[in-house]
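Novice: The following file, model_35.txt, comprises compact mmCIF, C-alpha atoms and all ligand atoms:
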# COMPACT_ATOMS: atom_id res chain seq x y z
CA MET I 1 4.93 -29.67 -13.02
CA ASN I 2 7.17 -27.51 -10.85
CA LEU I 3 6.46 -24.04 -9.54
CA TYR I 4 8.16 -21.26 -11.46
CA ASP I 5 10.76 -20.48 -8.84
CA VAL I 6 10.80 -16.69 -8.36
CA TYR I 7 10.39 -16.32 -4.60
CA PRO I 8 13.17 -16.86 -2.04
CA LEU I 9 11.31 -18.85 0.64
CA ASN I 10 11.55 -19.21 4.40
CA ASP I 11 11.16 -22.84 5.35
CA ILE I 12 7.88 -22.26 7.21
CA GLU I 13 4.38 -23.48 6.44
CA ILE I 14 1.59 -21.50 8.08
CA THR I 15 -1.44 -23.61 8.91
CA LYS I 16 -3.43 -21.40 11.29
CA ALA I 17 -3.84 -17.67 11.85
CA SER I 18 -5.75 -15.39 14.20
CA GLY I 19 -5.43 -11.64 14.78
CA SER I 20 -1.71 -10.78 14.79
CA ASN I 21 -0.61 -14.38 15.32
CA VAL I 22 0.09 -17.26 12.97
CA TRP I 23 1.05 -20.86 13.68
CA ASP I 24 3.22 -23.20 11.64
CA ALA I 25 2.65 -26.87 10.85
CA ASN I 26 4.52 -27.85 14.05
CA GLY I 27 2.25 -25.72 16.21
CA GLN I 28 4.85 -22.98 16.76
CA GLN I 29 3.20 -19.59 17.33
CA TYR I 30 4.54 -16.43 15.62
CA LEU I 31 3.82 -12.74 16.06
CA ASP I 32 3.03 -11.27 12.65
CA LEU I 33 4.46 -7.77 12.23
CA TYR I 34 4.62 -8.21 8.46
CA GLY I 35 0.90 -8.76 7.82
CA GLY I 36 1.70 -10.89 4.78
CA HIS I 37 3.26 -7.76 3.20
CA ALA I 38 0.88 -5.11 4.55
CA VAL I 39 -2.14 -7.08 3.40
CA ILE I 40 -3.64 -8.19 6.71
CA SER I 41 -5.27 -4.94 7.81
CA ILE I 42 -7.89 -6.10 10.33
CA GLY I 43 -6.12 -9.22 11.60
CA HIS I 44 -6.13 -12.80 10.39
CA THR I 45 -9.47 -14.67 10.34
CA ASN I 46 -11.36 -11.73 11.83
CA PRO I 47 -14.77 -13.22 12.79
CA HIS I 48 -16.89 -10.50 11.11
CA TYR I 49 -14.81 -10.87 7.94
CA VAL I 50 -15.07 -14.66 7.91
CA GLN I 51 -18.81 -14.52 8.50
CA ARG I 52 -19.45 -11.93 5.77
CA LEU I 53 -17.37 -13.85 3.22
CA THR I 54 -18.92 -17.19 4.13
CA GLU I 55 -22.45 -15.80 3.85
CA GLN I 56 -21.64 -14.20 0.51
CA LEU I 57 -20.05 -17.38 -0.83
CA ASN I 58 -23.24 -19.25 0.00
CA LYS I 59 -25.30 -16.68 -1.95
CA VAL I 60 -23.26 -15.77 -5.03
CA GLY I 61 -19.47 -15.68 -5.33
CA PHE I 62 -19.01 -14.17 -8.76
CA TYR I 63 -20.83 -12.67 -11.64
CA SER I 64 -19.39 -10.35 -14.24
CA ASN I 65 -19.59 -6.58 -14.58
CA SER I 66 -22.38 -6.99 -17.13
CA ILE I 67 -25.02 -6.96 -14.38
CA LYS I 68 -25.83 -4.73 -11.41
CA ILE I 69 -23.76 -5.54 -8.32
CA PRO I 70 -25.26 -3.52 -5.43
CA LEU I 71 -22.33 -4.55 -3.19
CA GLN I 72 -20.10 -2.35 -5.40
CA VAL I 73 -22.34 0.63 -4.76
CA GLN I 74 -22.32 -0.08 -1.01
CA LEU I 75 -18.53 -0.38 -1.08
CA ALA I 76 -18.14 2.92 -2.95
CA GLU I 77 -20.39 4.64 -0.42
CA LYS I 78 -18.56 3.21 2.56
CA LEU I 79 -15.11 3.91 1.11
CA GLY I 80 -16.10 7.47 0.29
CA GLN I 81 -17.28 7.94 3.86
CA VAL I 82 -14.33 6.29 5.66
CA SER I 83 -11.71 7.91 3.40
CA GLY I 84 -13.41 11.31 3.52
CA LYS I 85 -13.71 11.48 -0.30
CA THR I 86 -17.49 11.27 -0.65
CA ASP I 87 -17.56 12.96 -4.07
CA TYR I 88 -14.88 10.67 -5.64
CA GLN I 89 -15.75 7.73 -7.92
CA LEU I 90 -14.60 4.14 -7.47
CA PHE I 91 -13.23 1.77 -10.10
CA LEU I 92 -12.50 -1.75 -8.82
CA CYS I 93 -9.75 -4.06 -10.03
CA ASN I 94 -7.54 -6.82 -8.62
CA SER I 95 -3.99 -5.79 -7.67
CA GLY I 96 -1.83 -2.81 -6.87
CA ALA I 97 -0.07 -2.85 -10.22
CA GLU I 98 -3.40 -2.96 -12.03
CA ALA I 99 -4.68 -0.05 -9.95
CA ASN I 100 -1.64 2.02 -10.94
CA GLU I 101 -1.95 1.01 -14.61
CA ASN I 102 -5.55 2.21 -14.62
CA ALA I 103 -4.69 5.43 -12.81
CA LEU I 104 -1.94 6.26 -15.31
CA LYS I 105 -4.17 5.36 -18.22
CA LEU I 106 -6.98 7.53 -16.90
CA ALA I 107 -4.59 10.47 -16.44
CA SER I 108 -3.45 10.12 -20.05
CA PHE I 109 -7.05 9.88 -21.30
CA TYR I 110 -7.86 12.98 -19.25
CA ASN I 111 -5.25 15.39 -20.62
CA GLY I 112 -4.15 13.55 -23.76
CA ARG I 113 -0.48 13.51 -22.70
CA LYS I 114 2.16 10.80 -22.38
CA LYS I 115 4.88 11.76 -19.89
CA VAL I 116 4.80 10.65 -16.27
CA ILE I 117 6.95 11.92 -13.43
CA ALA I 118 8.01 9.25 -10.93
CA PHE I 119 10.68 9.32 -8.22
CA LYS I 120 13.92 7.66 -7.26
CA GLY I 121 13.24 4.77 -4.90
CA ALA I 122 9.68 4.30 -6.17
CA PHE I 123 7.87 0.97 -6.48
CA HIS I 124 4.57 0.90 -8.36
CA GLY I 125 4.23 -2.73 -9.46
CA ARG I 126 5.58 -5.20 -11.99
CA THR I 127 3.41 -4.74 -15.05
CA SER I 128 3.77 -2.54 -18.11
CA LEU I 129 3.75 1.16 -17.16
CA ALA I 130 3.73 0.48 -13.41
CA VAL I 131 7.08 -1.28 -13.66
CA ALA I 132 8.42 1.38 -16.01
CA ALA I 133 7.63 3.90 -13.25
CA THR I 134 9.41 1.67 -10.70
CA ASP I 135 13.00 2.59 -9.92
CA ASN I 136 14.52 -0.86 -10.36
CA PRO I 137 15.98 -1.56 -13.83
CA LYS I 138 16.48 -5.23 -12.93
CA ILE I 139 12.74 -5.95 -13.08
CA VAL I 140 12.05 -3.80 -16.15
CA ALA I 141 12.04 -6.07 -19.21
CA PRO I 142 13.09 -4.53 -22.54
CA VAL I 143 9.45 -4.53 -23.64
CA ASN I 144 8.53 -2.40 -20.61
CA GLU I 145 11.13 0.26 -21.34
CA THR I 146 9.68 3.61 -22.32
CA GLU I 147 10.88 7.17 -22.66
CA ASN I 148 7.65 8.40 -21.16
CA ILE I 149 8.77 8.08 -17.54
CA ILE I 150 10.88 10.85 -16.03
CA PHE I 151 12.56 9.94 -12.74
CA LEU I 152 13.29 12.81 -10.37
CA PRO I 153 14.99 12.80 -6.98
CA HIS I 154 12.54 12.17 -4.11
CA ASN I 155 11.48 15.16 -2.01
CA ASP I 156 13.37 17.58 -4.27
CA GLU I 157 10.99 20.49 -4.90
CA GLN I 158 13.39 22.42 -7.10
CA ALA I 159 13.90 19.47 -9.46
CA LEU I 160 10.12 19.19 -9.80
CA VAL I 161 9.68 22.90 -10.47
CA ASP I 162 12.48 22.80 -13.09
CA GLU I 163 10.99 19.76 -14.84
CA PHE I 164 7.54 21.34 -15.04
CA ALA I 165 9.08 24.58 -16.31
CA LYS I 166 10.75 22.61 -19.14
CA HIS I 167 8.08 20.03 -20.07
CA GLY I 168 4.98 21.00 -18.08
CA ASN I 169 2.63 20.82 -21.04
CA GLU I 170 3.67 17.24 -21.80
CA ILE I 171 3.24 15.86 -18.26
CA ALA I 172 0.21 13.58 -17.95
CA ALA I 173 0.75 12.66 -14.32
CA VAL I 174 2.93 12.69 -11.25
CA ILE I 175 2.81 9.40 -9.35
CA LEU I 176 4.25 8.78 -5.90
CA GLU I 177 3.83 6.81 -2.71
CA GLY I 178 2.99 8.81 0.42
CA ILE I 179 5.64 6.69 2.13
CA GLN I 180 7.93 4.66 -0.11
CA GLY I 181 7.70 1.03 1.03
CA VAL I 182 10.10 -1.05 -1.04
CA GLY I 183 12.31 2.07 -1.18
CA GLY I 184 12.95 1.76 2.57
CA ILE I 185 10.09 3.62 4.34
CA ARG I 186 10.75 7.14 3.13
CA GLU I 187 7.97 9.64 3.62
CA ALA I 188 7.22 12.39 1.13
CA SER I 189 7.39 15.72 2.94
CA LYS I 190 4.23 17.78 3.31
CA SER I 191 5.67 20.67 1.34
CA PHE I 192 6.70 18.29 -1.47
CA LEU I 193 3.15 16.94 -1.75
CA GLN I 194 1.75 20.45 -1.64
CA LYS I 195 4.15 21.45 -4.43
CA ILE I 196 3.00 18.47 -6.53
CA ARG I 197 -0.60 19.56 -6.02
CA SER I 198 0.03 23.16 -7.04
CA LEU I 199 2.16 22.25 -10.09
CA CYS I 200 -0.41 19.70 -11.25
CA ASP I 201 -3.10 22.38 -10.94
CA GLU I 202 -0.99 24.93 -12.80
CA TYR I 203 -0.14 22.57 -15.68
CA ASN I 204 -3.33 20.46 -15.75
CA ALA I 205 -1.36 17.31 -14.84
CA VAL I 206 -2.87 14.53 -12.71
CA TYR I 207 -1.61 13.88 -9.16
CA ILE I 208 -1.73 10.10 -8.53
CA ALA I 209 -1.28 9.01 -4.93
CA ASP I 210 -0.06 5.41 -4.85
CA SER I 211 -1.62 4.30 -1.57
CA VAL I 212 -1.22 0.59 -2.26
CA GLN I 213 1.06 0.05 0.74
CA CYS I 214 0.87 3.25 2.82
CA GLY I 215 -2.90 3.67 2.54
CA TYR I 216 -6.01 2.07 3.97
CA GLY I 217 -5.60 3.67 7.38
CA ARG I 218 -2.10 2.37 8.09
CA THR I 219 -0.73 5.76 9.14
CA GLY I 220 -3.79 7.06 10.97
CA GLN I 221 -5.09 8.96 7.91
CA PHE I 222 -6.94 6.83 5.40
CA TYR I 223 -4.46 7.88 2.69
CA SER I 224 -1.05 8.83 4.08
CA HIS I 225 -0.67 11.52 1.39
CA ASP I 226 -3.51 13.39 3.06
CA TRP I 227 -1.27 14.35 5.99
CA ALA I 228 -0.15 17.15 3.63
CA GLY I 229 -3.66 18.62 3.68
CA VAL I 230 -4.14 18.53 -0.11
CA ASP I 231 -6.20 16.07 -2.19
CA ALA I 232 -4.76 13.86 -4.90
CA ASP I 233 -6.71 13.47 -8.16
CA ILE I 234 -6.53 9.67 -8.05
CA TYR I 235 -5.72 7.39 -5.11
CA THR I 236 -4.70 3.81 -5.88
CA MET I 237 -5.20 1.10 -3.27
CA ALA I 238 -4.89 -2.65 -2.90
CA LYS I 239 -3.07 -4.53 -0.14
CA GLY I 240 -5.11 -3.83 3.01
CA MET I 241 -8.35 -3.47 1.11
CA GLY I 242 -9.48 -7.10 1.24
CA ASN I 243 -7.47 -8.38 4.26
CA GLY I 244 -6.08 -11.07 1.96
CA PHE I 245 -8.89 -11.38 -0.56
CA PRO I 246 -7.52 -9.95 -3.83
CA ILE I 247 -9.19 -6.63 -4.51
CA ALA I 248 -7.84 -3.25 -5.55
CA GLY I 249 -9.31 0.04 -6.60
CA ILE I 250 -8.81 3.59 -7.66
CA SER I 251 -10.62 6.52 -6.08
CA ILE I 252 -11.17 9.11 -8.81
CA ALA I 253 -11.87 12.83 -8.41
CA PRO I 254 -15.17 14.17 -9.79
CA LYS I 255 -13.49 16.02 -12.68
CA PHE I 256 -12.83 12.69 -14.46
CA LYS I 257 -15.76 11.65 -16.64
CA PRO I 258 -16.25 7.96 -17.42
CA TRP I 259 -17.47 6.49 -20.69
CA HIS I 260 -18.49 2.91 -21.33
CA GLY I 261 -15.47 0.78 -22.10
CA GLN I 262 -12.90 3.35 -20.88
CA LEU I 263 -11.65 0.95 -18.17
CA GLY I 264 -12.58 -2.64 -17.45
CA THR I 265 -11.69 -6.00 -15.92
CA THR I 266 -13.25 -9.44 -15.64
CA PHE I 267 -12.73 -10.12 -11.94
CA GLY I 268 -12.68 -6.58 -10.54
CA GLY I 269 -15.47 -5.81 -8.07
CA ASN I 270 -16.91 -9.31 -7.93
CA HIS I 271 -19.37 -10.20 -5.16
CA LEU I 272 -16.89 -11.96 -2.89
CA ALA I 273 -14.24 -9.27 -3.25
CA CYS I 274 -16.76 -6.56 -2.40
CA ALA I 275 -17.99 -8.50 0.63
CA ALA I 276 -14.38 -8.79 1.83
CA ALA I 277 -13.68 -5.09 1.30
CA LEU I 278 -16.92 -4.06 3.02
CA ALA I 279 -16.11 -6.26 6.01
CA VAL I 280 -12.67 -4.62 6.24
CA LEU I 281 -14.08 -1.08 6.23
CA GLU I 282 -16.77 -2.03 8.75
CA VAL I 283 -14.14 -3.36 11.15
CA ILE I 284 -11.78 -0.40 10.58
CA GLU I 285 -14.64 1.93 11.44
CA LYS I 286 -16.23 0.00 14.32
CA ASP I 287 -12.95 -0.75 16.08
CA ASN I 288 -11.43 2.68 15.39
CA LEU I 289 -8.39 1.05 13.79
CA MET I 290 -6.93 4.14 12.14
CA LYS I 291 -6.56 5.74 15.56
CA ASN I 292 -5.05 2.55 16.96
CA ALA I 293 -2.56 2.38 14.08
CA GLU I 294 -1.53 5.97 14.69
CA GLU I 295 -1.13 5.50 18.45
CA VAL I 296 0.56 2.09 18.60
CA GLY I 297 2.76 3.17 15.68
CA ALA I 298 3.80 6.38 17.46
CA TYR I 299 4.63 4.34 20.56
CA LEU I 300 6.77 1.89 18.59
CA ILE I 301 8.62 4.67 16.77
CA GLU I 302 9.30 6.53 20.01
CA GLU I 303 10.62 3.40 21.75
CA LEU I 304 12.70 2.29 18.74
CA LYS I 305 14.38 5.69 18.58
CA LYS I 306 15.81 5.00 22.06
CA PHE I 307 18.07 2.21 20.73
CA GLU I 308 21.41 3.83 20.01
CA GLN I 309 22.43 0.83 17.84
CA VAL I 310 19.71 1.78 15.32
CA LYS I 311 20.85 4.07 12.50
CA GLU I 312 17.44 5.58 11.82
CA VAL I 313 13.77 4.93 12.51
CA ARG I 314 11.42 6.16 9.77
CA GLY I 315 7.74 6.05 8.98
CA ARG I 316 4.38 6.87 10.44
CA GLY I 317 1.69 4.86 12.18
CA LEU I 318 2.10 1.15 11.51
CA MET I 319 4.41 1.59 8.55
CA ILE I 320 7.83 1.66 10.16
CA GLY I 321 11.36 1.24 8.85
CA ILE I 322 14.24 0.45 11.19
CA GLU I 323 17.57 1.06 9.49
CA LEU I 324 20.33 -1.04 11.01
CA PRO I 325 24.09 -0.90 10.56
CA GLU I 326 25.76 -3.67 8.52
CA GLU I 327 26.90 -5.55 11.66
CA LEU I 328 23.25 -5.99 12.72
CA ALA I 329 22.11 -7.36 9.35
CA HIS I 330 21.37 -10.71 11.06
CA VAL I 331 18.62 -9.27 13.28
CA LYS I 332 15.74 -9.80 10.85
CA LYS I 333 16.43 -13.54 10.45
CA GLU I 334 16.91 -13.96 14.20
CA LEU I 335 13.64 -12.19 14.95
CA LEU I 336 11.97 -14.86 12.84
CA PHE I 337 13.89 -17.98 13.80
CA LYS I 338 14.81 -17.23 17.44
CA HIS I 339 11.92 -15.03 18.57
CA PHE I 340 9.26 -16.17 16.09
CA ILE I 341 8.39 -12.69 14.86
CA PHE I 342 7.65 -12.01 11.21
CA THR I 343 8.88 -8.67 9.86
CA GLY I 344 9.46 -7.31 6.37
CA GLU I 345 12.65 -5.89 4.91
CA ALA I 346 13.94 -3.31 2.47
CA LYS I 347 17.39 -3.23 0.98
CA PRO I 348 20.05 -2.96 2.21
CA ASN I 349 19.42 -3.16 5.98
CA VAL I 350 15.96 -1.93 6.81
CA ILE I 351 13.46 -3.93 8.86
CA ARG I 352 9.95 -3.05 7.75
CA LEU I 353 7.01 -3.33 10.15
CA LEU I 354 3.64 -3.60 8.40
CA PRO I 355 1.36 -5.30 10.93
CA ALA I 356 -2.41 -5.42 11.17
CA LEU I 357 -3.95 -2.10 12.23
CA ASN I 358 -5.29 -3.63 15.45
CA LEU I 359 -1.84 -4.49 16.76
CA THR I 360 -1.86 -4.02 20.54
CA LYS I 361 0.68 -2.23 22.74
CA LYS I 362 1.37 -5.64 24.28
CA HIS I 363 2.36 -7.00 20.86
CA ALA I 364 4.56 -3.93 20.38
CA ASP I 365 6.25 -4.62 23.72
CA THR I 366 6.88 -8.27 22.80
CA PHE I 367 8.66 -7.06 19.68
CA LEU I 368 10.62 -4.34 21.49
CA LYS I 369 11.88 -6.84 24.07
CA ALA I 370 13.05 -9.32 21.41
CA PHE I 371 14.58 -6.54 19.32
CA GLY I 372 16.40 -5.17 22.38
CA GLU I 373 17.92 -8.57 23.12
CA LEU I 374 19.15 -8.95 19.54
CA VAL I 375 20.77 -5.56 19.14
CA LYS I 376 22.46 -5.32 22.56
C1 LIG I 401 3.51 1.15 -3.32
C2 LIG I 401 3.16 -0.06 -4.11
N1 LIG I 401 2.52 0.09 -5.28
C3 LIG I 401 2.17 -0.98 -6.04
C4 LIG I 401 2.45 -2.26 -5.63
C5 LIG I 401 2.06 -3.43 -6.49
O1 LIG I 401 1.02 -4.11 -5.92
P1 LIG I 401 0.67 -5.62 -6.39
O2 LIG I 401 1.79 -6.48 -5.94
O3 LIG I 401 -0.63 -5.92 -5.72
O4 LIG I 401 0.56 -5.56 -7.87
C6 LIG I 401 3.11 -2.47 -4.41
C7 LIG I 401 3.45 -3.84 -3.96
O5 LIG I 401 4.27 -4.07 -3.10
C8 LIG I 401 3.49 -1.34 -3.64
O6 LIG I 401 4.14 -1.48 -2.48
Do you think you could lay out the structure here as structure tokens?

Specialist:
Amino acid sequence: MNLYDVYPLNDIEITKASGSNVWDANGQQYLDLYGGHAVISIGHTNPHYVQRLTEQLNKVGFYSNSIKIPLQVQLAEKLGQVSGKTDYQLFLCNSGAEANENALKLASFYNGRKKVIAFKGAFHGRTSLAVAATDNPKIVAPVNETENIIFLPHNDEQALVDEFAKHGNEIAAVILEGIQGVGGIREASKSFLQKIRSLCDEYNAVYIADSVQCGYGRTGQFYSHDWAGVDADIYTMAKGMGNGFPIAGISIAPKFKPWHGQLGTTFGGNHLACAAALAVLEVIEKDNLMKNAEEVGAYLIEELKKFEQVKEVRGRGLMIGIELPEELAHVKKELLFKHFIFTGEAKPNVIRLLPALNLTKKHADTFLKAFGELVK
């Protein structure tokens, strides 16, 4: 049997990892500024994480949601505390797309409506409604096509006001990323997020903050949307939540009332996943990683802005986009194969930095030196 070949691969096999470093099968060390696509939040093989998962695996790895799982309650408490949303409710699932599907479904259950506002440049996942709300027709299969998604220009308050004025009573939800990731690291402005909040209040629509990539402390706030100073109704999260163990969730405002069977999943919130997510939050809190992400990120952004060859530097904290001109399109590959630094990308020419939240200033300097050599 062959693998179903959907991923363009770099010819590298990683066999060891620690903190912000990984090693390949030949023993070559790499600096990881990609975090396996924003997933590695507390660093590879963090000792507390490994210990907590190992201990849990030796007790019980999985049992279904038909029994009490106290680890879920502990996780909800901890997440409420670290994210500052103590009165929200937690539903656990397995991936970012699934989190968004559940958030959209819950919004529709809540107000009985069907239309969803999403934005140009958005990425919300590859399944059903999440992919329909993703601005990339190439990955939307005919069966996923729906007239229920309305795409509006990003950060355009007037377009939003006009749409609500026309169809406000049909809008179930507005969904957006605090900082678009796949879309090229584009932050929603504070006033745009505030406008979404006030329009959703006025029309009884649900504000869904897709925090799958920009959340979990990456920008220095637990949810990057919260820089705008207004709460979303539902926050969706995944990537950094389990530091590589698949777990996702939605944080749900108190006004939503659950009933048995409303949402569900087989694997969501299993013992091992909860142990992983608890370990992540414990490390984020103990090591003050949100502050570190904010500070090291600000340093990187400031230094990157000094390169006149760079078209634009965007982002916040450790979610950074470096837009390069066409003639520097080779830099990303050379960072990897000449300087052994993993980074992410966004089309057409944006280098995306999504490292672990405990990245040090020394790591940042290693990157800046290599980057400087490549762009000069
Ligand atoms: C903002 C955002 N939402 C949703 C998703 C989908 O997450 P998953 O791949 O875990 O389904 C992603 C993945 O890149 C994402 O960046």

Novice: For I:Ala17, which of I:Asn46, I:Thr236, I:Asn2, I:Asn100 is the closest residue, counting only C-alpha atoms?

Specialist: I:Asn46

Novice: Within 12 Å of I:Lys68, counting all atoms listed in the file, which residues show up once you throw out same-chain ones fewer than 6 positions away? Write them as a ChimeraX atom specification, please.

Specialist: /I:62,74,269-271

Novice: Of the residues I:Tyr4, I:Tyr88, I:Tyr235, I:Tyr63, which is the one nearest to ligand LIG 401 (chain I), using all atoms listed in the file?

Specialist: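 Closest candidate: I:Tyr235.
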
Novice: So that I can see what lies close to stretch 122-139 of chain I, please list as a list in words the residues with an atom at most 9 Å from it, counting all atoms listed in the file and leaving out residues fewer than 3 positions away in the same chain.

Specialist: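 Near neighbours after the sequence-gap exclusion: Ser95, Gly96, Ala97, Glu98, Asn100, Glu101, Leu104, Val116, Ile117, Ala118, Phe119, Val143, Asn144, Glu145, Thr146, Asn148, Ile149, Ile150, Phe151, His154, Ile175, Leu176, Glu177, Gln180, Gly181, Val182, Gly183, Asp210 and Val212 of chain I.
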
Novice: Would you save the residues of that selection, restricted to C-alpha atoms, as a CSV table (one decimal), in the coordinates of the input?

Specialist:
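The result, written out as result24.csv:
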chain,number,residue,atom,x,y,z
I,95,SER,CA,-4.0,-5.8,-7.7
I,96,GLY,CA,-1.8,-2.8,-6.9
I,97,ALA,CA,-0.1,-2.8,-10.2
I,98,GLU,CA,-3.4,-3.0,-12.0
I,100,ASN,CA,-1.6,2.0,-10.9
I,101,GLU,CA,-2.0,1.0,-14.6
I,104,LEU,CA,-1.9,6.3,-15.3
I,116,VAL,CA,4.8,10.6,-16.3
I,117,ILE,CA,7.0,11.9,-13.4
I,118,ALA,CA,8.0,9.2,-10.9
I,119,PHE,CA,10.7,9.3,-8.2
I,143,VAL,CA,9.4,-4.5,-23.6
I,144,ASN,CA,8.5,-2.4,-20.6
I,145,GLU,CA,11.1,0.3,-21.3
I,146,THR,CA,9.7,3.6,-22.3
I,148,ASN,CA,7.6,8.4,-21.2
I,149,ILE,CA,8.8,8.1,-17.5
I,150,ILE,CA,10.9,10.8,-16.0
I,151,PHE,CA,12.6,9.9,-12.7
I,154,HIS,CA,12.5,12.2,-4.1
I,175,ILE,CA,2.8,9.4,-9.4
I,176,LEU,CA,4.2,8.8,-5.9
I,177,GLU,CA,3.8,6.8,-2.7
I,180,GLN,CA,7.9,4.7,-0.1
I,181,GLY,CA,7.7,1.0,1.0
I,182,VAL,CA,10.1,-1.0,-1.0
I,183,GLY,CA,12.3,2.1,-1.2
I,210,ASP,CA,-0.1,5.4,-4.8
I,212,VAL,CA,-1.2,0.6,-2.3

Novice: Just the residues within 12 Å of I:Leu328, please, counting only C-alpha atoms, with nothing from its chain fewer than 3 positions along; format it as an MDAnalysis selection string.

Specialist: chainID I and resid 309:311 322:325 331:335 348:351 371:376

Novice: Kindly export the residues of the current selection with C-alpha atoms, as a compact mmCIF listing (two decimals), in the coordinates of the input.

Specialist:
# COMPACT_ATOMS: atom_id res chain seq x y z
CA GLN I 309 22.43 0.83 17.84
CA VAL I 310 19.71 1.78 15.32
CA LYS I 311 20.85 4.07 12.50
CA ILE I 322 14.24 0.45 11.19
CA GLU I 323 17.57 1.06 9.49
CA LEU I 324 20.33 -1.04 11.01
CA PRO I 325 24.09 -0.90 10.56
CA VAL I 331 18.62 -9.27 13.28
CA LYS I 332 15.74 -9.80 10.85
CA LYS I 333 16.43 -13.54 10.45
CA GLU I 334 16.91 -13.96 14.20
CA LEU I 335 13.64 -12.19 14.95
CA PRO I 348 20.05 -2.96 2.21
CA ASN I 349 19.42 -3.16 5.98
CA VAL I 350 15.96 -1.93 6.81
CA ILE I 351 13.46 -3.93 8.86
CA PHE I 371 14.58 -6.54 19.32
CA GLY I 372 16.40 -5.17 22.38
CA GLU I 373 17.92 -8.57 23.12
CA LEU I 374 19.15 -8.95 19.54
CA VAL I 375 20.77 -5.56 19.14
CA LYS I 376 22.46 -5.32 22.56

Novice: Of the candidates I:Gly36, I:Glu285, I:Thr45, I:Phe192, which one gets nearest to I:Lys16 if we count all atoms listed in the file?

Specialist: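 When distances to I:Lys16 are compared using all atoms listed in the file, the smallest one comes from I:Thr45.
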
Novice: How big is the axis-aligned box around all listed atoms of stretch 155-166 of chain I once 5 Å goes on each side, and where's its centre, in Å to one decimal, as AutoDock Vina command-line options?

Specialist:
--center_x 10.7 --center_y 19.9 --center_z -10.6 --size_x 16.4 --size_y 19.4 --size_z 27.1

Novice: Using all atoms listed in the file, which residue out of I:His260, I:Thr54, I:Phe340, I:Ile196 lies closest to I:Asp24?

Specialist: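 So, comparing all the options, the nearest one is I:Phe340.
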
Novice: One decimal, Å: what's the distance from atom CA of I:Ile320 over to atom O3 of ligand LIG 401 (chain I), could you say?

Specialist: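 If I compute the distance from atom CA of I:Ile320 to atom O3 of ligand LIG 401 (chain I), I get 19.5 Å.
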
Novice: Quick check, in Å to one decimal: how far apart do atom CA of I:Asn292 and atom CA of I:Ser18 lie?

Specialist: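 We find that atom CA of I:Asn292 and atom CA of I:Ser18 lie 18.2 Å from each other.
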
Novice: So, with only C-alpha atoms and all ligand atoms as the atoms that count, which of I:Gln81, I:Tyr207, I:Ala159, I:Cys214 lies closest to ligand LIG 401 (chain I)?

Specialist: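 Answer, going by the shortest atom-to-atom distance: I:Cys214.
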
Novice: Between I:Asn102, I:Leu357, I:Asp287, I:Gly242, which one has atoms that come closest to I:Arg52, using only C-alpha atoms?

Specialist: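 Answer, going by the shortest atom-to-atom distance: I:Gly242.
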
Novice: Please, what distance in Å, to one decimal, runs between atom CA of I:Ala356 and atom CA of I:Gln89?

Specialist: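 Result for atom CA of I:Ala356 versus atom CA of I:Gln89: 26.7 Å, one decimal.
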
Novice: List the spatial neighbours of I:Ile247 as number ranges by chain - criterion: any atom at most 12 Å away, only C-alpha atoms, same-chain residues fewer than 6 positions off excluded.

Specialist: I: 39, 72, 75, 91-99, 212, 236-241, 265, 267-278, 280
